[in-house]
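Text of my_file31.cif (mmCIF, C-alpha atoms) as supplied:
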data_input
loop_
_atom_site.label_atom_id
_atom_site.label_comp_id
_atom_site.auth_asym_id
_atom_site.auth_seq_id
_atom_site.Cartn_x
_atom_site.Cartn_y
_atom_site.Cartn_z
CA MET A 40 -67.68 19.56 -23.77
CA ALA A 41 -65.95 16.28 -24.58
CA GLU A 42 -62.59 18.03 -24.82
CA LYS A 43 -63.16 19.65 -21.42
CA LYS A 44 -63.90 16.24 -19.88
CA LYS A 45 -60.75 14.84 -21.44
CA LEU A 46 -58.71 17.73 -20.04
CA VAL A 47 -60.19 17.26 -16.55
CA SER A 48 -59.58 13.52 -16.75
CA LYS A 49 -56.00 14.10 -17.85
CA ARG A 50 -55.32 16.51 -15.00
CA PHE A 51 -56.85 14.11 -12.51
CA ALA A 52 -54.66 11.29 -13.79
CA GLU A 53 -51.56 13.50 -13.52
CA LYS A 54 -52.41 14.53 -9.95
CA SER A 55 -53.13 10.93 -8.98
CA GLN A 56 -49.84 9.79 -10.45
CA ARG A 57 -47.96 12.58 -8.67
CA ALA A 58 -49.68 11.74 -5.36
CA LEU A 59 -48.73 8.08 -5.78
CA VAL A 60 -45.10 9.02 -6.44
CA TYR A 61 -45.02 11.25 -3.34
CA PHE A 62 -46.56 8.49 -1.25
CA VAL A 63 -43.98 5.93 -2.38
CA LEU A 64 -41.10 8.35 -1.82
CA THR A 65 -42.40 9.24 1.66
CA LEU A 66 -42.71 5.56 2.53
CA ILE A 67 -39.18 4.85 1.34
CA SER A 68 -37.88 7.84 3.34
CA LEU A 69 -39.54 6.57 6.53
CA ILE A 70 -38.05 3.12 6.03
CA TRP A 71 -34.65 4.67 5.37
CA VAL A 72 -34.60 6.89 8.49
CA PHE A 73 -36.07 4.28 10.85
CA PRO A 74 -32.67 2.71 11.78
CA PHE A 75 -31.33 6.16 12.68
CA PHE A 76 -34.23 6.90 15.02
CA TYR A 77 -33.84 3.43 16.51
CA LEU A 78 -30.15 4.06 17.27
CA ILE A 79 -30.88 7.45 18.80
CA PHE A 80 -33.68 6.19 21.04
CA GLN A 81 -31.80 3.08 22.17
CA SER A 82 -28.73 5.17 22.98
CA PHE A 83 -30.64 6.93 25.78
CA GLY A 84 -31.48 3.90 27.89
CA LYS A 85 -31.22 0.17 28.48
CA TYR A 86 -31.64 -2.27 25.62
CA ALA A 87 -35.28 -3.12 24.90
CA SER A 88 -35.72 -6.28 22.84
CA GLY A 89 -38.40 -5.87 20.18
CA GLY A 90 -38.99 -2.18 20.84
CA ILE A 91 -37.73 1.08 19.50
CA PHE A 92 -37.74 2.92 22.85
CA PRO A 93 -35.54 2.14 25.88
CA ALA A 94 -36.75 -0.45 28.39
CA SER A 95 -39.22 0.78 31.03
CA GLY A 96 -39.08 4.25 29.54
CA GLU A 97 -35.80 5.01 31.33
CA TRP A 98 -34.06 7.85 29.52
CA THR A 99 -30.48 8.59 30.52
CA PHE A 100 -27.13 9.80 29.18
CA GLN A 101 -25.28 6.98 30.94
CA ASN A 102 -24.51 5.16 27.68
CA TYR A 103 -22.66 8.21 26.39
CA VAL A 104 -20.79 8.52 29.68
CA ASN A 105 -19.82 4.84 29.48
CA LEU A 106 -18.17 5.39 26.11
CA PHE A 107 -15.55 7.63 27.67
CA THR A 108 -15.24 6.10 31.13
CA LEU A 109 -15.40 2.30 30.88
CA PRO A 110 -12.03 0.55 30.39
CA GLU A 111 -13.70 -1.80 27.86
CA THR A 112 -14.59 1.12 25.60
CA PRO A 113 -11.65 3.45 24.86
CA PHE A 114 -13.92 5.31 22.44
CA LEU A 115 -11.78 8.43 22.22
CA LYS A 116 -8.76 6.40 21.11
CA TRP A 117 -10.90 4.54 18.57
CA TRP A 118 -12.21 7.85 17.26
CA ILE A 119 -8.73 9.36 16.95
CA ASN A 120 -7.41 6.24 15.17
CA THR A 121 -10.29 6.34 12.72
CA PHE A 122 -9.94 10.08 12.11
CA VAL A 123 -6.20 9.81 11.43
CA ILE A 124 -6.76 6.93 9.00
CA ALA A 125 -9.65 8.67 7.22
CA PHE A 126 -7.86 12.04 7.04
CA PHE A 127 -4.63 10.79 5.49
CA THR A 128 -6.50 8.36 3.26
CA ALA A 129 -8.69 11.19 1.95
CA LEU A 130 -5.62 13.39 1.37
CA LEU A 131 -3.65 10.74 -0.52
CA GLN A 132 -6.62 9.35 -2.41
CA THR A 133 -7.71 12.79 -3.59
CA ILE A 134 -4.24 13.58 -4.97
CA LEU A 135 -3.90 10.21 -6.72
CA VAL A 136 -7.43 10.21 -8.15
CA LEU A 137 -7.22 13.76 -9.50
CA MET A 138 -3.78 13.27 -11.03
CA THR A 139 -4.80 9.98 -12.66
CA SER A 140 -8.06 11.46 -13.93
CA TYR A 141 -6.30 14.46 -15.43
CA ALA A 142 -3.73 12.26 -17.16
CA LEU A 143 -6.40 10.00 -18.69
CA SER A 144 -8.51 12.99 -19.68
CA ARG A 145 -5.84 15.15 -21.30
CA LEU A 146 -2.91 12.95 -22.32
CA ARG A 147 -2.96 10.67 -25.34
CA PHE A 148 -0.55 7.72 -25.22
CA ASN A 149 -0.29 4.17 -26.49
CA GLY A 150 -2.40 1.75 -24.48
CA ARG A 151 -4.60 4.46 -22.94
CA GLN A 152 -7.91 2.86 -23.90
CA ALA A 153 -6.64 -0.60 -22.98
CA LEU A 154 -5.52 0.69 -19.57
CA MET A 155 -8.92 2.26 -18.84
CA LYS A 156 -10.71 -0.93 -19.85
CA LEU A 157 -8.37 -3.01 -17.69
CA ILE A 158 -9.07 -0.76 -14.69
CA LEU A 159 -12.80 -1.10 -15.28
CA ILE A 160 -12.53 -4.89 -15.36
CA LEU A 161 -10.38 -5.04 -12.23
CA GLY A 162 -12.83 -2.75 -10.46
CA MET A 163 -15.56 -5.38 -10.87
CA PHE A 164 -13.82 -7.67 -8.38
CA PRO A 165 -14.50 -6.86 -4.71
CA GLY A 166 -11.49 -5.82 -2.67
CA PHE A 167 -11.97 -8.44 0.04
CA LEU A 168 -10.96 -11.19 -2.42
CA GLY A 169 -7.35 -10.20 -1.87
CA MET A 170 -7.48 -9.69 1.90
CA LEU A 171 -5.38 -12.75 2.67
CA VAL A 172 -2.65 -11.77 0.22
CA ILE A 173 -2.76 -8.14 1.38
CA TYR A 174 -2.27 -9.18 4.99
CA TYR A 175 0.77 -11.34 4.21
CA ILE A 176 2.30 -8.53 2.17
CA LEU A 177 1.81 -6.17 5.11
CA GLU A 178 3.34 -8.79 7.40
CA LEU A 179 6.39 -9.10 5.15
CA LEU A 180 6.78 -5.32 5.25
CA GLY A 181 6.47 -5.41 9.04
CA ILE A 182 3.63 -2.89 9.23
CA ASN A 183 0.66 -5.21 9.84
CA THR A 184 0.34 -4.03 13.47
CA SER A 185 0.17 -0.32 12.65
CA ILE A 186 -2.72 1.89 11.58
CA PHE A 187 -0.40 2.95 8.75
CA SER A 188 -1.19 -0.41 7.17
CA LEU A 189 -4.87 0.54 6.84
CA ILE A 190 -3.95 3.86 5.24
CA LEU A 191 -1.78 1.98 2.75
CA VAL A 192 -4.55 -0.53 1.97
CA TYR A 193 -7.22 2.14 1.46
CA THR A 194 -4.93 4.27 -0.70
CA ALA A 195 -3.25 1.61 -2.83
CA SER A 196 -6.00 1.14 -5.43
CA SER A 197 -7.57 4.60 -5.17
CA ALA A 198 -6.45 5.64 -8.67
CA MET A 199 -8.88 3.06 -10.08
CA SER A 200 -11.75 5.36 -9.04
CA TYR A 201 -10.96 7.91 -11.71
CA TYR A 202 -14.27 7.71 -13.63
CA VAL A 203 -16.21 10.63 -12.16
CA ALA A 204 -13.24 12.99 -11.93
CA LYS A 205 -12.18 12.20 -15.51
CA GLY A 206 -15.69 13.00 -16.71
CA PHE A 207 -15.51 16.35 -14.92
CA PHE A 208 -12.11 17.21 -16.42
CA ASP A 209 -13.46 16.33 -19.87
CA THR A 210 -15.93 19.22 -19.53
CA ILE A 211 -13.16 21.80 -19.02
CA PRO A 212 -12.17 23.28 -22.43
CA LYS A 213 -8.80 22.12 -23.69
CA ALA A 214 -8.24 25.61 -25.05
CA LEU A 215 -7.20 26.62 -21.52
CA ASP A 216 -4.42 24.02 -21.61
CA GLU A 217 -3.25 25.24 -25.01
CA ALA A 218 -3.22 28.87 -23.89
CA VAL A 219 -1.01 28.04 -20.91
CA MET A 220 1.31 25.92 -23.04
CA ILE A 221 1.68 28.76 -25.56
CA ASP A 222 2.70 31.07 -22.71
CA GLY A 223 5.46 28.66 -21.75
CA GLY A 224 3.66 26.64 -19.11
CA THR A 225 3.97 22.89 -18.58
CA LYS A 226 1.45 20.15 -17.91
CA ASN A 227 2.14 20.58 -14.20
CA THR A 228 1.37 24.29 -14.49
CA VAL A 229 -1.88 23.54 -16.28
CA PHE A 230 -2.96 20.98 -13.69
CA TRP A 231 -2.03 22.79 -10.48
CA ARG A 232 -2.70 26.41 -11.45
CA VAL A 233 -5.51 26.19 -14.01
CA ILE A 234 -7.45 22.94 -13.78
CA LEU A 235 -7.58 22.49 -9.99
CA PRO A 236 -8.81 26.03 -9.22
CA LEU A 237 -11.70 25.36 -11.63
CA SER A 238 -12.45 21.94 -10.13
CA LYS A 239 -13.65 22.73 -6.62
CA PRO A 240 -16.83 20.58 -6.88
CA ILE A 241 -15.00 17.44 -8.00
CA ILE A 242 -12.23 17.98 -5.44
CA ILE A 243 -14.76 18.17 -2.60
CA TYR A 244 -16.65 15.19 -4.01
CA THR A 245 -13.45 13.13 -4.08
CA ILE A 246 -12.53 14.19 -0.54
CA LEU A 247 -15.95 13.22 0.80
CA VAL A 248 -15.94 9.82 -0.89
CA SER A 249 -12.36 9.14 0.21
CA PHE A 250 -13.08 10.16 3.81
CA THR A 251 -16.36 8.31 4.33
CA GLY A 252 -14.98 4.98 3.07
CA PRO A 253 -12.35 4.41 5.80
CA TRP A 254 -14.53 6.13 8.40
CA GLY A 255 -17.19 3.44 8.27
CA ASP A 256 -15.18 0.47 7.00
CA PHE A 257 -15.40 -2.64 9.13
CA MET A 258 -14.18 -5.56 7.01
CA PHE A 259 -10.55 -4.57 6.39
CA GLY A 260 -10.24 -2.96 9.81
CA LYS A 261 -11.51 -6.09 11.57
CA TYR A 262 -9.32 -8.44 9.56
CA ILE A 263 -6.08 -6.50 9.91
CA THR A 264 -6.39 -5.37 13.52
CA GLN A 265 -7.54 -8.68 15.01
CA THR A 266 -5.52 -11.00 12.77
CA ALA A 267 -2.39 -9.09 13.75
CA GLY A 268 -3.36 -9.32 17.42
CA MET A 269 -3.52 -5.57 17.96
CA LEU A 270 -4.62 -4.29 21.37
CA PRO A 271 -8.10 -2.70 21.64
CA ASP A 272 -6.47 0.74 21.83
CA GLY A 273 -5.44 0.30 18.19
CA TYR A 274 -8.93 -0.50 16.91
CA THR A 275 -10.97 1.71 14.66
CA VAL A 276 -14.42 2.87 15.72
CA ALA A 277 -16.24 0.27 13.61
CA VAL A 278 -14.17 -2.62 14.99
CA GLY A 279 -14.34 -1.41 18.57
CA LEU A 280 -18.10 -0.81 18.58
CA GLN A 281 -18.82 -4.15 16.92
CA GLY A 282 -17.19 -5.88 19.87
CA LEU A 283 -19.81 -4.35 22.17
CA THR A 284 -22.73 -6.05 20.39
CA SER A 285 -21.81 -9.46 21.84
CA ASN A 286 -23.08 -8.33 25.25
CA SER A 287 -26.62 -6.96 25.55
CA ASP A 288 -25.56 -4.89 28.57
CA TYR A 289 -23.40 -2.79 26.26
CA TYR A 290 -25.93 -2.53 23.44
CA GLY A 291 -27.05 0.95 24.50
CA THR A 292 -23.40 1.99 24.63
CA PHE A 293 -22.95 0.64 21.12
CA CYS A 294 -25.92 2.72 19.91
CA ALA A 295 -24.50 5.82 21.61
CA GLY A 296 -21.17 5.26 19.85
CA ALA A 297 -22.92 4.80 16.51
CA VAL A 298 -24.73 8.12 16.98
CA LEU A 299 -21.51 9.98 17.80
CA VAL A 300 -19.74 8.42 14.81
CA SER A 301 -22.49 9.47 12.41
CA ILE A 302 -22.56 13.12 13.51
CA PRO A 303 -19.26 14.28 11.85
CA ILE A 304 -20.09 12.60 8.54
CA THR A 305 -23.65 13.94 8.53
CA ALA A 306 -22.50 17.48 9.34
CA LEU A 307 -19.75 17.32 6.72
CA PHE A 308 -22.15 16.09 4.05
CA PHE A 309 -24.80 18.77 4.73
CA TRP A 310 -22.11 21.44 4.75
CA LEU A 311 -20.64 20.37 1.42
CA GLN A 312 -23.63 18.75 -0.28
CA ARG A 313 -23.91 21.49 -2.93
CA TYR A 314 -20.39 20.79 -4.16
CA TYR A 315 -21.02 17.04 -3.86
CA VAL A 316 -24.00 17.25 -6.23
CA GLU A 317 -22.12 19.55 -8.62
CA GLY A 318 -19.20 17.13 -8.70
CA ILE A 319 -21.40 14.16 -9.56
CA ALA A 320 -23.36 16.12 -12.15
CA GLY A 321 -20.22 17.49 -13.78
CA GLY A 322 -18.52 14.10 -13.85
CA ALA A 323 -21.55 12.41 -15.41
CA VAL A 324 -21.61 14.63 -18.49
CA LYS A 325 -18.88 12.77 -20.34
CA GLY A 326 -17.38 9.30 -19.94
#

Using structure tokens, write down the structure from this file.
Amino acid sequence: MAEKKKLVSKRFAEKSQRALVYFVLTLISLIWVFPFFYLIFQSFGKYASGGIFPASGEWTFQNYVNLFTLPETPFLKWWINTFVIAFFTALLQTILVLMTSYALSRLRFNGRQALMKLILILGMFPGFLGMLVIYYILELLGINTSIFSLILVYTASSAMSYYVAKGFFDTIPKALDEAVMIDGGTKNTVFWRVILPLSKPIIIYTILVSFTGPWGDFMFGKYITQTAGMLPDGYTVAVGLQGLTSNSDYYGTFCAGAVLVSIPITALFFWLQRYYVEGIAGGAVKG
């Protein structure tokens, strides 16, 4: 009888603990999604201070129309600028990260461990510490007024993010490399024809990370575009939309732009989330 009471008490404690965990997770989820609902609701009407719904209950698509019609908001040009920057950044970053990760995973050379430790140390310093120097370098090169400068900035230090991809490559048996080398292949053959076809999860993970960074970046975009005196047509989405927040009349338009900007990233993530999780899990197995 006593053992039965203990068993019942144990099960009750487990269920109570599980219910508490679910409650906390649900609460965190609601807090996390609240800003998204706020943006969506405010994008369909006039700005309502202190409320989540539009003022006077007026629901309209005018804010979305304003994005594409008002001369102050060349949203389509901002979107194209941001997409071009994010696309080429993702392409270049993915190539550099994967090649660096493969080299550090497979090759053994003097100073390898010291190089990896140095990269780890340098990665602890935030990138904005060097913004002033970066801008003057871009000015010396004469490209500080072009969106190419942002692609160069985002891509320059991308090889330092090799950790996850290297961990993934470490899980691929080295016997495959040896078999190709015995058949007369080279390191390039191994990387492009053997390793990459087996690395779809980590490739997609790297593409997603490389694309989302420039897509939502504001700090470097703001500093480079406005310090160089670029016209509004050359702004990125983040920089252009931030300029609308200074006027409450355009706040609904800002929210509408934020909703439209989030849709491609959200759709891309849900489409590729399986590979994203596999890439993280595979890269976390070994350091």

- Task: With the file shown as input, list the residues that the PyMOL selection byres ((chain A and resi 102) around 10) selects, as a list in words.
- Result: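 On this input, the PyMOL selection byres ((chain A and resi 102) around 10) captures Gln81, Ser82, Phe83, Gly84, Lys85, Thr99, Phe100, Gln101, Tyr103, Val104, Asn105, Leu106, Phe107, Thr108, Tyr289, Tyr290, Gly291, Thr292, Phe293, Cys294, Ala295 and Gly296 of chain A.
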
- Of the listed residues A:Lys239, A:Val219, A:Ser200, A:Phe187, that which approaches Ala125 of chain A most closely, counting only C-alpha atoms: A:Phe187

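Atom CA of Ile160 of chain A sits 14.8 Å away from atom CA of Ser197 of chain A.
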
- Message: Can you translate the PyMOL selection byres ((chain A and resi 280) around 9) into the concrete residues it hits in this file, as a PyMOL selection string?
- Response: chain A and resi 112+114+117+275-279+281-284+292-294+296-297

- Which residue out of A:Leu168, A:Ala142, A:Ile263, A:Ile241 has the minimum interatomic distance to Val192 of chain A when all atoms listed in the file are used?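 Closest to Val192 of chain A of all the choices is A:Ile263.
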
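Atom CA of Gln132 of chain A to atom CA of Glu178 of chain A spans 22.9 Å [interatomic distance, one decimal].
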
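Closest to Thr139 of chain A among A:Ile67, A:Gly223, A:Val123, A:Phe230 is A:Phe230, based on only C-alpha atoms.
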
- Using all atoms listed in the file, find the one residue out of A:Ser185, A:Leu135, A:Ile242, A:Tyr262 that sits nearest to Val172 of chain A.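 Closest to Val172 of chain A, using all atoms listed in the file: A:Tyr262.
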
- Task: Please measure the separation of atom CA of Trp71 of chain A and atom CA of Ala306 of chain A, giving the value in Å to one decimal.
- Result: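 Taking atom CA of Trp71 of chain A and atom CA of Ala306 of chain A, their separation equals 18.1 Å.
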
- Message: I'd like to know which of A:Leu307, A:Val248, A:Val63, A:Leu69 is closest to Tyr193 of chain A, using all atoms listed in the file.
- Response: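 Result for the nearest residue to Tyr193 of chain A: A:Val248.
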
- If you apply the PyMOL selection byres ((chain A and resi 143) around 10) to this file, what residues do you get, as number ranges by chain? A: 137-142, 144-148, 151-152, 154-155, 201-202, 205-206, 208-209

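Using only C-alpha atoms, the shortest contact distance between Ile134 of chain A and any of A:Leu311, A:Leu235, A:Leu299, A:Leu189 is found at A:Leu235.
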